[in-house]
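Coordinates as given in my_file_39.txt (compact mmCIF, C-alpha atoms):
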```
# COMPACT_ATOMS: atom_id res chain seq x y z
CA MET A 1 37.46 -39.21 9.06
CA ARG A 2 34.49 -39.22 11.41
CA PRO A 3 33.15 -42.68 12.27
CA ASP A 4 29.58 -41.81 11.12
CA VAL A 5 30.76 -41.15 7.53
CA THR A 6 30.57 -44.42 5.54
CA GLU A 7 31.38 -43.26 2.02
CA VAL A 8 32.71 -40.09 0.44
CA ASP A 9 34.08 -39.05 -2.93
CA LEU A 10 37.08 -36.76 -2.64
CA TYR A 11 38.15 -34.41 -5.43
CA SER A 12 40.79 -31.75 -5.64
CA VAL A 13 39.35 -28.41 -6.65
CA ARG A 14 41.81 -28.42 -9.53
CA GLU A 15 40.25 -31.63 -10.88
CA LEU A 16 36.74 -30.15 -11.12
CA PRO A 17 35.49 -28.75 -14.45
CA ASP A 18 34.64 -25.07 -14.82
CA ALA A 19 31.03 -24.21 -13.96
CA ALA A 20 30.64 -21.48 -16.60
CA PRO A 21 28.74 -23.60 -19.15
CA LEU A 22 26.39 -24.99 -16.48
CA THR A 23 23.04 -23.49 -15.55
CA PRO A 24 21.79 -24.83 -12.20
CA ASP A 25 18.04 -25.35 -12.01
CA GLY A 26 15.56 -26.38 -9.34
CA ASP A 27 16.79 -29.98 -9.37
CA TRP A 28 20.33 -29.12 -8.26
CA TYR A 29 21.53 -29.86 -4.75
CA GLY A 30 24.19 -28.44 -2.49
CA VAL A 31 25.83 -29.85 0.65
CA LEU A 32 25.10 -28.58 4.16
CA CYS A 33 26.76 -29.66 7.38
CA ASP A 34 25.06 -29.58 10.78
CA PRO A 35 27.70 -28.08 13.11
CA ALA A 36 26.09 -29.72 16.14
CA THR A 37 26.48 -33.28 14.83
CA GLY A 38 29.04 -32.99 12.06
CA LEU A 39 26.63 -34.75 9.69
CA SER A 40 26.26 -33.55 6.10
CA TYR A 41 23.04 -33.45 4.07
CA ARG A 42 22.00 -32.63 0.54
CA ALA A 43 19.98 -29.42 0.24
CA THR A 44 17.84 -27.84 -2.49
CA GLN A 45 18.64 -24.44 -3.93
CA GLU A 46 15.59 -22.99 -2.17
CA LEU A 47 16.80 -24.19 1.22
CA ILE A 48 20.32 -22.89 0.66
CA GLY A 49 18.89 -19.57 -0.52
CA SER A 50 16.71 -19.36 2.59
CA ILE A 51 19.70 -19.91 4.85
CA ILE A 52 21.74 -17.29 3.02
CA SER A 53 18.89 -14.75 3.15
CA ASN A 54 18.09 -15.29 6.83
CA TYR A 55 21.44 -15.99 8.41
CA LEU A 56 24.11 -14.29 6.32
CA GLY A 57 25.85 -11.96 8.74
CA SER A 58 26.88 -8.35 8.30
CA GLY A 59 30.21 -7.02 9.57
CA VAL A 60 30.62 -3.96 11.78
CA VAL A 61 33.99 -2.28 12.47
CA ILE A 62 34.14 -1.01 16.07
CA PRO A 63 36.44 1.92 16.93
CA ASP A 64 39.30 1.37 19.40
CA ARG A 65 38.52 1.85 23.10
CA VAL A 66 41.23 3.66 25.08
CA TYR A 67 41.81 3.56 28.85
CA ARG A 68 44.15 6.20 30.37
CA ILE A 69 44.71 4.87 33.87
CA GLY A 70 44.49 7.62 36.49
CA VAL A 71 43.72 10.20 33.79
CA SER A 72 40.53 9.40 31.90
CA LEU A 73 38.34 6.34 31.50
CA PRO A 74 35.25 5.64 29.38
CA SER A 75 31.94 6.09 31.15
CA GLY A 76 31.01 3.21 33.46
CA VAL A 77 34.58 1.82 33.69
CA THR A 78 36.39 1.05 36.96
CA VAL A 79 39.96 -0.11 37.62
CA SER A 80 41.03 -2.25 40.57
CA GLY A 81 44.60 -3.57 40.78
CA ASN A 82 45.09 -5.93 37.85
CA THR A 83 41.52 -5.66 36.49
CA ILE A 84 39.61 -3.21 34.26
CA ASN A 85 35.85 -3.71 34.61
CA ASP A 86 34.01 -2.58 31.46
CA PRO A 87 30.56 -3.95 30.46
CA TYR A 88 31.13 -2.64 26.91
CA LEU A 89 33.68 -5.42 26.31
CA ASP A 90 31.33 -8.24 27.22
CA GLY A 91 30.90 -10.64 24.29
CA LYS A 92 33.30 -8.81 21.95
CA VAL A 93 36.50 -10.12 20.37
CA PHE A 94 39.51 -7.81 20.78
CA GLY A 95 43.25 -7.52 21.31
CA ILE A 96 45.15 -5.38 23.86
CA HIS A 97 47.93 -2.86 23.26
CA ARG A 98 49.78 -1.43 26.24
CA ARG A 99 52.04 1.58 25.78
CA GLY A 100 55.61 0.49 26.34
CA VAL A 101 54.68 -3.17 25.85
CA GLU A 102 52.69 -2.93 22.57
CA LEU A 103 50.65 -6.03 21.65
CA MET A 104 50.09 -8.18 24.71
CA VAL A 105 49.77 -11.95 24.44
CA LYS A 106 46.33 -13.16 25.34
CA GLY A 107 46.29 -16.10 27.77
CA VAL A 108 49.81 -15.29 28.94
CA GLU A 109 49.82 -11.59 29.78
CA TRP A 110 46.09 -10.94 29.93
CA GLN A 111 42.68 -12.47 29.51
CA ASN A 112 39.11 -11.21 29.13
CA ASP A 113 37.36 -13.83 31.23
CA VAL A 114 36.03 -11.13 33.56
CA PRO A 115 32.40 -11.44 34.75
CA GLY A 116 30.34 -8.69 33.08
CA GLY A 117 33.17 -7.75 30.70
CA GLY A 118 36.68 -6.45 31.21
CA ILE A 119 40.46 -7.06 31.09
CA GLU A 120 42.59 -8.95 33.66
CA LEU A 121 46.43 -8.98 33.83
CA LEU A 122 47.87 -12.47 34.38
CA GLN A 123 51.56 -11.90 35.24
CA GLU A 124 52.33 -12.10 38.96
CA GLY A 125 52.54 -8.66 40.51
CA ASP A 126 51.44 -6.91 37.28
CA GLU A 127 48.87 -4.21 37.91
CA PHE A 128 47.43 -1.21 36.10
CA ILE A 129 49.20 1.97 37.31
CA ASP A 130 48.62 5.66 36.74
CA GLY A 131 49.96 6.71 33.36
CA ASP A 132 49.29 3.35 31.65
CA ILE A 133 47.51 3.66 28.30
CA ILE A 134 45.59 0.53 27.37
CA THR A 135 43.97 0.24 23.94
CA ALA A 136 41.40 -2.41 23.05
CA GLN A 137 41.39 -3.11 19.30
CA PHE A 138 38.32 -5.00 18.10
CA GLN A 139 37.90 -7.56 15.38
CA PRO A 140 34.93 -6.93 13.04
CA GLN A 141 31.74 -8.01 14.77
CA ILE A 142 29.49 -10.31 12.73
CA THR A 143 25.78 -10.11 13.43
CA PRO A 144 23.62 -13.23 12.86
CA TYR A 145 21.08 -11.34 10.75
CA ILE A 146 21.38 -8.68 8.08
CA SER A 147 20.21 -5.42 9.59
CA THR A 148 17.59 -3.20 7.98
CA PRO A 149 17.63 -1.73 5.37
CA ASP A 150 20.12 -4.24 3.95
CA ALA A 151 17.63 -6.97 4.86
CA ILE A 152 15.38 -5.92 1.99
CA SER A 153 16.85 -8.36 -0.48
CA ARG A 154 17.08 -7.98 -4.22
CA TYR A 155 15.08 -10.33 -6.37
CA SER A 156 17.30 -13.38 -6.73
CA ASN A 157 15.03 -15.94 -8.33
CA GLY A 158 13.41 -14.28 -11.35
CA VAL A 159 9.81 -13.44 -12.22
CA GLN A 160 6.74 -15.62 -11.53
CA LEU A 161 3.60 -15.07 -13.63
CA ILE A 162 0.37 -15.88 -11.75
CA SER A 163 -2.90 -16.44 -13.60
CA ASN A 164 -4.85 -18.46 -11.01
CA ASN A 165 -5.54 -18.42 -7.28
CA THR A 166 -2.19 -19.28 -5.67
CA THR A 167 -0.77 -20.01 -2.23
CA LEU A 168 2.88 -19.00 -2.08
CA THR A 169 5.39 -21.79 -1.46
CA ALA A 170 9.18 -21.98 -1.43
CA SER A 171 9.31 -22.18 -5.24
CA THR A 172 7.70 -18.72 -5.51
CA TYR A 173 9.68 -17.00 -2.73
CA ARG A 174 12.09 -14.16 -3.60
CA LYS A 175 10.50 -13.65 -7.00
CA LEU A 176 8.70 -10.71 -8.51
CA LEU A 177 5.11 -12.00 -8.60
CA VAL A 178 3.17 -10.66 -11.59
CA ILE A 179 -0.61 -11.28 -11.56
CA THR A 180 -1.98 -11.47 -15.09
CA THR A 181 -5.68 -11.89 -14.19
CA GLY A 182 -7.92 -11.11 -11.24
CA SER A 183 -6.70 -13.74 -8.75
CA GLU A 184 -6.12 -14.34 -5.05
CA ILE A 185 -2.63 -14.76 -3.62
CA ILE A 186 -2.36 -16.29 -0.15
CA LEU A 187 0.98 -15.33 1.36
CA GLY A 188 3.21 -18.15 2.56
CA SER A 189 3.05 -18.70 6.32
CA ASP A 190 6.77 -19.61 6.36
CA TYR A 191 7.90 -16.87 3.98
CA PRO A 192 11.38 -15.86 5.22
CA GLU A 193 11.36 -12.89 7.56
CA ASN A 194 13.30 -9.78 6.51
CA VAL A 195 12.92 -10.75 2.83
CA LEU A 196 10.92 -8.63 0.41
CA CYS A 197 7.74 -10.05 -1.11
CA ALA A 198 6.94 -7.97 -4.21
CA ILE A 199 3.65 -8.29 -6.13
CA LEU A 200 2.54 -6.49 -9.31
CA GLN A 201 -0.96 -6.52 -10.81
CA ASN A 202 -0.74 -6.51 -14.62
CA SER A 203 -4.14 -7.76 -15.79
CA VAL A 204 -5.70 -7.04 -19.17
CA GLY A 205 -8.89 -5.46 -17.81
CA ASN A 206 -9.70 -3.68 -14.57
CA LYS A 207 -10.18 -6.89 -12.59
CA GLN A 208 -8.73 -6.65 -9.09
CA SER A 209 -6.65 -9.19 -7.16
CA THR A 210 -6.84 -10.15 -3.50
CA ILE A 211 -3.73 -10.46 -1.32
CA THR A 212 -4.55 -12.54 1.77
CA ALA A 213 -2.52 -13.25 4.91
CA PRO A 214 -2.28 -16.92 5.98
CA THR A 215 -4.41 -18.24 8.83
CA GLY A 216 -3.10 -16.83 12.11
CA GLN A 217 -1.32 -13.92 10.40
CA SER A 218 -2.45 -10.45 9.34
CA ILE A 219 -1.48 -7.43 7.24
CA ALA A 220 -0.84 -4.10 8.98
CA PHE A 221 -2.89 -1.52 7.08
CA ASN A 222 -4.44 1.90 7.84
CA GLY A 223 -3.57 1.70 11.52
CA GLY A 224 -5.10 -1.73 12.02
CA ALA A 225 -4.75 -5.39 11.12
CA VAL A 226 -6.64 -6.81 8.13
CA GLN A 227 -6.81 -10.25 6.56
CA SER A 228 -6.92 -9.11 2.92
CA ILE A 229 -6.11 -6.14 0.72
CA TRP A 230 -6.70 -5.63 -3.01
CA LEU A 231 -4.60 -4.56 -5.98
CA GLY A 232 -5.98 -2.78 -9.05
CA LYS A 233 -4.57 -2.67 -12.56
CA ASN A 234 -0.89 -1.60 -12.75
CA GLU A 235 -0.65 -1.36 -8.95
CA ARG A 236 2.09 -2.96 -6.85
CA ILE A 237 2.83 -3.79 -3.23
CA GLU A 238 5.97 -4.83 -1.37
CA LEU A 239 5.71 -6.52 2.04
CA ILE A 240 8.01 -7.90 4.72
CA ARG A 241 6.92 -10.46 7.30
CA ALA A 242 7.86 -10.08 10.97
CA GLY A 243 6.40 -12.89 13.03
CA ALA A 244 2.66 -13.08 12.41
CA THR A 245 2.43 -9.61 10.85
CA TRP A 246 3.06 -8.52 7.28
CA TYR A 247 4.18 -4.90 6.92
CA ILE A 248 3.79 -2.83 3.75
CA VAL A 249 7.11 -1.14 2.95
CA ASN A 250 6.14 0.27 -0.45
CA ASP A 251 3.01 0.36 -2.61
CA SER A 252 1.10 2.20 -5.34
CA MET A 253 -2.37 1.04 -4.29
CA GLY A 254 -5.31 3.29 -5.17
CA TYR A 255 -7.45 2.77 -2.06
CA ASP A 256 -7.87 6.49 -1.40
CA ARG A 257 -9.26 7.05 -4.90
CA VAL A 258 -11.91 4.32 -4.91
CA GLY A 259 -15.37 5.82 -5.47
CA HIS A 260 -14.07 9.25 -6.48
CA ILE A 261 -15.85 10.77 -9.50
CA VAL A 262 -13.83 12.84 -11.97
CA PRO A 263 -14.55 14.30 -15.42
CA GLY A 264 -12.59 12.96 -18.36
CA ARG A 265 -12.71 12.05 -22.02
CA LEU A 266 -11.27 8.54 -21.93
CA ALA A 267 -11.50 5.94 -19.12
CA GLY A 268 -8.07 5.00 -17.74
CA ALA A 269 -6.77 2.18 -15.57
CA ASN A 270 -9.03 1.48 -12.57
CA GLN A 271 -11.77 3.75 -13.94
CA ILE A 272 -15.23 2.96 -15.30
CA ILE A 273 -17.85 5.24 -16.85
CA ALA A 274 -20.78 5.90 -14.50
CA GLN A 275 -23.61 4.93 -16.83
CA GLY A 276 -25.85 2.71 -14.71
CA GLN A 277 -24.26 -0.62 -15.62
CA THR A 278 -24.27 -3.78 -13.48
CA ILE A 279 -20.84 -5.25 -12.66
CA LEU A 280 -19.58 -8.37 -10.88
CA ARG A 281 -18.47 -8.12 -7.27
CA ALA A 282 -15.76 -10.71 -7.89
CA ASP A 283 -14.10 -8.38 -10.39
CA TYR A 284 -14.12 -5.38 -8.03
CA PRO A 285 -13.73 -6.60 -4.42
CA ARG A 286 -12.40 -3.32 -3.08
CA LEU A 287 -15.36 -1.47 -4.62
CA VAL A 288 -17.64 -3.70 -2.55
CA ASP A 289 -15.55 -2.76 0.51
CA TYR A 290 -15.97 0.92 -0.43
CA LEU A 291 -19.77 0.59 -0.69
CA THR A 292 -19.89 -1.05 2.73
CA ARG A 293 -17.97 1.85 4.25
CA LEU A 294 -20.02 4.43 2.32
CA ASN A 295 -23.33 2.97 3.49
CA THR A 296 -22.05 2.86 7.08
CA ALA A 297 -21.09 6.55 6.95
CA TYR A 298 -24.33 7.62 5.20
CA ALA A 299 -27.04 5.09 5.89
CA GLY A 300 -29.31 4.37 2.95
CA THR A 301 -26.91 5.75 0.36
CA VAL A 302 -26.50 2.36 -1.33
CA LEU A 303 -29.92 1.12 -2.47
CA ASN A 304 -31.51 -2.24 -3.05
CA ALA A 305 -32.32 -3.11 -6.65
CA ALA A 306 -35.97 -2.02 -6.47
CA ASP A 307 -35.19 1.43 -5.03
CA TRP A 308 -32.20 1.91 -7.32
CA ALA A 309 -34.39 1.54 -10.42
CA SER A 310 -35.90 5.00 -9.74
CA ASN A 311 -32.77 6.55 -8.14
CA LYS A 312 -29.98 5.56 -10.48
CA THR A 313 -27.68 8.41 -9.52
CA GLN A 314 -26.86 6.38 -6.38
CA TRP A 315 -25.04 3.05 -5.95
CA GLY A 316 -27.05 -0.16 -5.86
CA TRP A 317 -26.46 -3.51 -4.14
CA GLY A 318 -27.44 -5.38 -7.32
CA ASP A 319 -28.72 -8.89 -6.73
CA GLY A 320 -27.36 -8.77 -3.16
CA SER A 321 -24.67 -11.41 -3.68
CA THR A 322 -22.81 -11.38 -7.01
CA THR A 323 -23.41 -7.95 -8.58
CA ILE A 324 -23.50 -4.23 -7.80
CA GLN A 325 -25.04 -1.35 -9.75
CA VAL A 326 -23.02 1.69 -10.83
CA PRO A 327 -24.57 5.19 -10.63
CA ASP A 328 -25.91 6.60 -13.89
CA LEU A 329 -24.57 10.16 -14.01
CA ARG A 330 -25.03 10.83 -17.72
CA GLY A 331 -26.30 14.39 -18.27
CA TYR A 332 -26.12 15.42 -14.58
CA PHE A 333 -24.25 18.30 -12.94
CA PRO A 334 -22.63 17.60 -9.52
CA ARG A 335 -23.65 19.59 -6.45
CA TRP A 336 -22.26 19.68 -2.89
CA ILE A 337 -24.48 17.82 -0.41
CA ASP A 338 -26.44 20.13 1.93
CA LEU A 339 -25.44 18.30 5.18
CA GLY A 340 -27.92 20.35 7.22
CA ALA A 341 -26.84 23.78 5.95
CA ASN A 342 -30.44 24.37 4.72
CA VAL A 343 -29.13 25.95 1.53
CA ASP A 344 -30.40 23.25 -0.80
CA VAL A 345 -33.85 23.45 0.81
CA ASP A 346 -35.63 21.03 -1.51
CA ARG A 347 -33.08 18.27 -0.95
CA TYR A 348 -32.94 18.95 2.79
CA THR A 349 -36.73 18.83 3.32
CA ALA A 350 -36.97 15.71 1.15
CA GLY A 351 -34.74 13.90 3.64
CA THR A 352 -31.90 13.33 1.16
CA GLY A 353 -29.73 16.23 2.29
CA SER A 354 -26.95 13.98 3.61
CA LYS A 355 -27.05 11.24 0.99
CA PRO A 356 -24.34 11.45 -1.67
CA GLY A 357 -25.74 10.71 -5.10
CA SER A 358 -29.32 11.74 -4.31
CA LYS A 359 -31.13 13.02 -7.41
CA GLN A 360 -32.94 16.32 -8.04
CA GLY A 361 -35.05 17.27 -11.04
CA MET A 362 -34.63 20.47 -13.03
CA GLN A 363 -36.22 23.67 -11.72
CA ILE A 364 -36.22 27.45 -12.10
CA GLN A 365 -36.43 29.62 -8.99
CA SER A 366 -39.80 31.26 -8.34
CA HIS A 367 -39.80 34.92 -9.44
CA SER A 368 -41.92 37.73 -10.96
CA HIS A 369 -41.45 39.98 -14.02
CA ALA A 370 -42.34 43.68 -14.17
CA ALA A 371 -44.98 44.45 -16.82
CA GLY A 372 -43.69 47.91 -17.75
CA ALA A 373 -41.82 50.83 -16.30
CA ASN A 374 -43.04 49.85 -12.88
CA SER A 375 -44.69 46.81 -11.40
CA ASN A 376 -48.19 48.37 -11.46
CA GLN A 377 -48.36 48.58 -15.24
CA LYS A 378 -49.72 45.99 -17.62
CA PHE A 379 -48.95 45.35 -21.26
CA ILE A 380 -51.50 46.27 -23.95
CA LYS A 381 -51.06 44.27 -27.09
CA ARG A 382 -51.98 46.15 -30.26
CA ASP A 383 -52.79 44.26 -33.40
CA SER A 384 -51.52 45.67 -36.68
CA VAL A 385 -55.03 45.56 -38.21
CA ASN A 386 -58.07 47.66 -37.26
CA ARG A 387 -56.32 49.65 -34.57
CA ASN A 388 -59.24 52.09 -34.47
CA GLN A 389 -61.68 49.55 -33.10
CA GLY A 390 -60.86 50.41 -29.45
CA ILE A 391 -59.99 48.14 -26.55
CA GLY A 392 -61.89 44.92 -26.26
CA VAL A 393 -61.75 41.21 -26.67
CA ASN A 394 -59.33 39.72 -29.10
CA ASN A 395 -61.92 38.99 -31.78
CA VAL A 396 -65.34 40.71 -32.08
CA SER A 397 -67.32 39.94 -35.24
CA GLY A 398 -64.06 39.12 -36.98
CA ASN A 399 -62.49 42.48 -36.12
CA SER A 400 -59.09 42.56 -34.34
CA ARG A 401 -58.70 45.13 -31.65
CA GLU A 402 -56.29 46.24 -28.95
CA TYR A 403 -56.59 43.93 -25.92
CA LEU A 404 -54.99 42.97 -22.56
CA GLU A 405 -52.53 39.96 -22.60
CA ASP A 406 -52.40 37.81 -19.45
CA THR A 407 -49.31 35.70 -20.37
CA THR A 408 -45.96 36.28 -22.04
CA GLN A 409 -44.78 34.39 -25.07
CA THR A 410 -42.92 31.07 -24.55
CA THR A 411 -39.14 31.16 -25.05
CA GLY A 412 -36.10 28.89 -24.27
CA GLY A 413 -35.27 25.19 -24.63
CA ASN A 414 -35.66 21.95 -22.70
CA GLU A 415 -33.74 22.99 -19.56
CA THR A 416 -32.03 25.79 -17.68
CA ARG A 417 -28.24 25.45 -17.99
CA PRO A 418 -25.00 27.48 -18.13
CA ILE A 419 -22.56 27.30 -21.01
CA ASN A 420 -20.66 24.03 -20.64
CA ALA A 421 -18.44 21.36 -22.22
CA GLY A 422 -19.42 17.69 -22.13
CA GLU A 423 -17.22 15.23 -20.21
CA LEU A 424 -17.43 11.57 -19.23
CA PRO A 425 -18.33 10.81 -15.58
CA LEU A 426 -15.47 8.50 -14.51
CA ILE A 427 -15.47 6.58 -11.23
CA TYR A 428 -12.29 5.09 -9.71
CA VAL A 429 -12.76 1.45 -8.76
```

Output the structure of this file as structure tokens.
Amino acid sequence: MRPDVTEVDLYSVRELPDAAPLTPDGDWYGVLCDPATGLSYRATQELIGSIISNYLGSGVVIPDRVYRIGVSLPSGVTVSGNTINDPYLDGKVFGIHRRGVELMVKGVEWQNDVPGGGIELLQEGDEFIDGDIITAQFQPQITPYISTPDAISRYSNGVQLISNNTTLTASTYRKLLVITTGSEIILGSDYPENVLCAILQNSVGNKQSTITAPTGQSIAFNGGAVQSIWLGKNERIELIRAGATWYIVNDSMGYDRVGHIVPGRLAGANQIIAQGQTILRADYPRLVDYLTRLNTAYAGTVLNAADWASNKTQWGWGDGSTTIQVPDLRGYFPRWIDLGANVDVDRYTAGTGSKPGSKQGMQIQSHSHAAGANSNQKFIKRDSVNRNQGIGVNNVSGNSREYLEDTTQTTGGNETRPINAGELPLIYV
């Protein structure tokens, strides 16, 4: 017994009860020994799990390496007297077979204490000669870390429901994190590297959640580094931390759809009807990000509240701090923006040719109608009474006559439109 151990309870494995009826929980401890000092310590399940996840090795079987002296040698190998110099052997554990001798005894017949890697014969006068066949047979090599993709661990600690703003700690590591409301998750700064962090948004409404990297760390996204990203309803993300960077290995995020307008007959997940309503920024943080990018690309597209009141087909900044205003697209047809093509002349000359969402009123194109068989003829309207009174004014002494008409009769409805089917204007948020 080591002198620094003062008390210990010893049991034979056979004396211990079966563990089948037991269910370890977070209060259970295991025993760890520090190999540098020989001291043992009690450890929580989380700590033991962290060690297993980060340091459990993976085995690799290495094929035999054969040296045919004077005939053929692996690339980079040289032979001099009683020594084979081979950098490939450096740091590996192996045994030596020699044809005619079979397994050679390490430390007596050979040793591998050759600078840079190699094999040295130890018996006096023993040297490698032409015709010798030497085979190095390797033991499985154990790496200190599990290599990718095996490093992406399975969930080993259950499911964690999150309904409030949460900073991840050891008790939430290696769990499937399910967000049930719009919340913020701050990733743990010491979250084990090479271990999957999986998050699912499963809120009742369309409220979005924020995933934030800890101070001094960032999330690799869209070719850059960001501090936060956002999840919408039924979306998920899986990340792995490497140093100060979190990398997304899998996701179903709807960033590319945000702001897109589609027709439909029922609003789905992450969709709202574009009907001029005011919504909270806190509920839709990535929509605020979208409006910022939209207004940068097309300056003046997102309007202040006063301007939006008379241009509701565009986005509005709301009160400037807590709300935003959704376009009101009820009853409107979409049209491609002119962008300087000078096809939509009215929009272009009005200075709104490059602004998505800019509104236009109804209009019919200027045109003329022919009066008769050719454009030089005019219509003569004949009344059904007193046709023999000649051409004159419409009413002379109460008599109706034939007369010239300067306008046509009114026809049509409230607007000019093609045949159509009504749909809801749905915007992805």

Would you pick out the contacts of A:Gln217 at 7 Å or less, using only C-alpha atoms, so that residues sharing its chain but fewer than 2 positions from it are not included, and give the list as a ChimeraX atom specification? /A:213-215,244-245

Expressed in Å to a single decimal, how great is the separation between atom CA of A:Leu122 and atom CA of A:Glu109?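 Interatomic distance here is 5.1 Å.
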
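Look at A:Cys197: the protein and nucleic acid residues within 9 Å of it, using all atoms listed in the file and passing over chain neighbours fewer than 3 places away, are Tyr173, Arg174, Lys175, Leu176, Leu177, Leu187, Tyr191, Ile237, Glu238, Leu239, Ile240 and Arg241 of chain A.
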
Residues around (1.1, 1.3, -6.0), cut-off 10 Å, counting all atoms listed in the file - what are they as a PDB file with C-alpha atoms, in the coordinates of the input?
```
ATOM      1  CA  ILE A 199       3.650  -8.290  -6.130  1.00  0.00           C
ATOM      2  CA  LEU A 200       2.540  -6.490  -9.310  1.00  0.00           C
ATOM      3  CA  GLN A 201      -0.960  -6.520 -10.810  1.00  0.00           C
ATOM      4  CA  LEU A 231      -4.600  -4.560  -5.980  1.00  0.00           C
ATOM      5  CA  GLY A 232      -5.980  -2.780  -9.050  1.00  0.00           C
ATOM      6  CA  LYS A 233      -4.570  -2.670 -12.560  1.00  0.00           C
ATOM      7  CA  ASN A 234      -0.890  -1.600 -12.750  1.00  0.00           C
ATOM      8  CA  GLU A 235      -0.650  -1.360  -8.950  1.00  0.00           C
ATOM      9  CA  ARG A 236       2.090  -2.960  -6.850  1.00  0.00           C
ATOM     10  CA  ILE A 237       2.830  -3.790  -3.230  1.00  0.00           C
ATOM     11  CA  GLU A 238       5.970  -4.830  -1.370  1.00  0.00           C
ATOM     12  CA  ASN A 250       6.140   0.270  -0.450  1.00  0.00           C
ATOM     13  CA  ASP A 251       3.010   0.360  -2.610  1.00  0.00           C
ATOM     14  CA  SER A 252       1.100   2.200  -5.340  1.00  0.00           C
ATOM     15  CA  MET A 253      -2.370   1.040  -4.290  1.00  0.00           C
ATOM     16  CA  GLY A 254      -5.310   3.290  -5.170  1.00  0.00           C
ATOM     17  CA  TYR A 255      -7.450   2.770  -2.060  1.00  0.00           C
TER      18      TYR A 255
END
```

Got a sec: who's within 12 Å of A:Ile272, counting all atoms listed in the file, leaving out chain neighbours fewer than 3 positions off, as a PyMOL selection string? chain A and resi 205-207+258-269+275-279+284+287+326-329+424-429
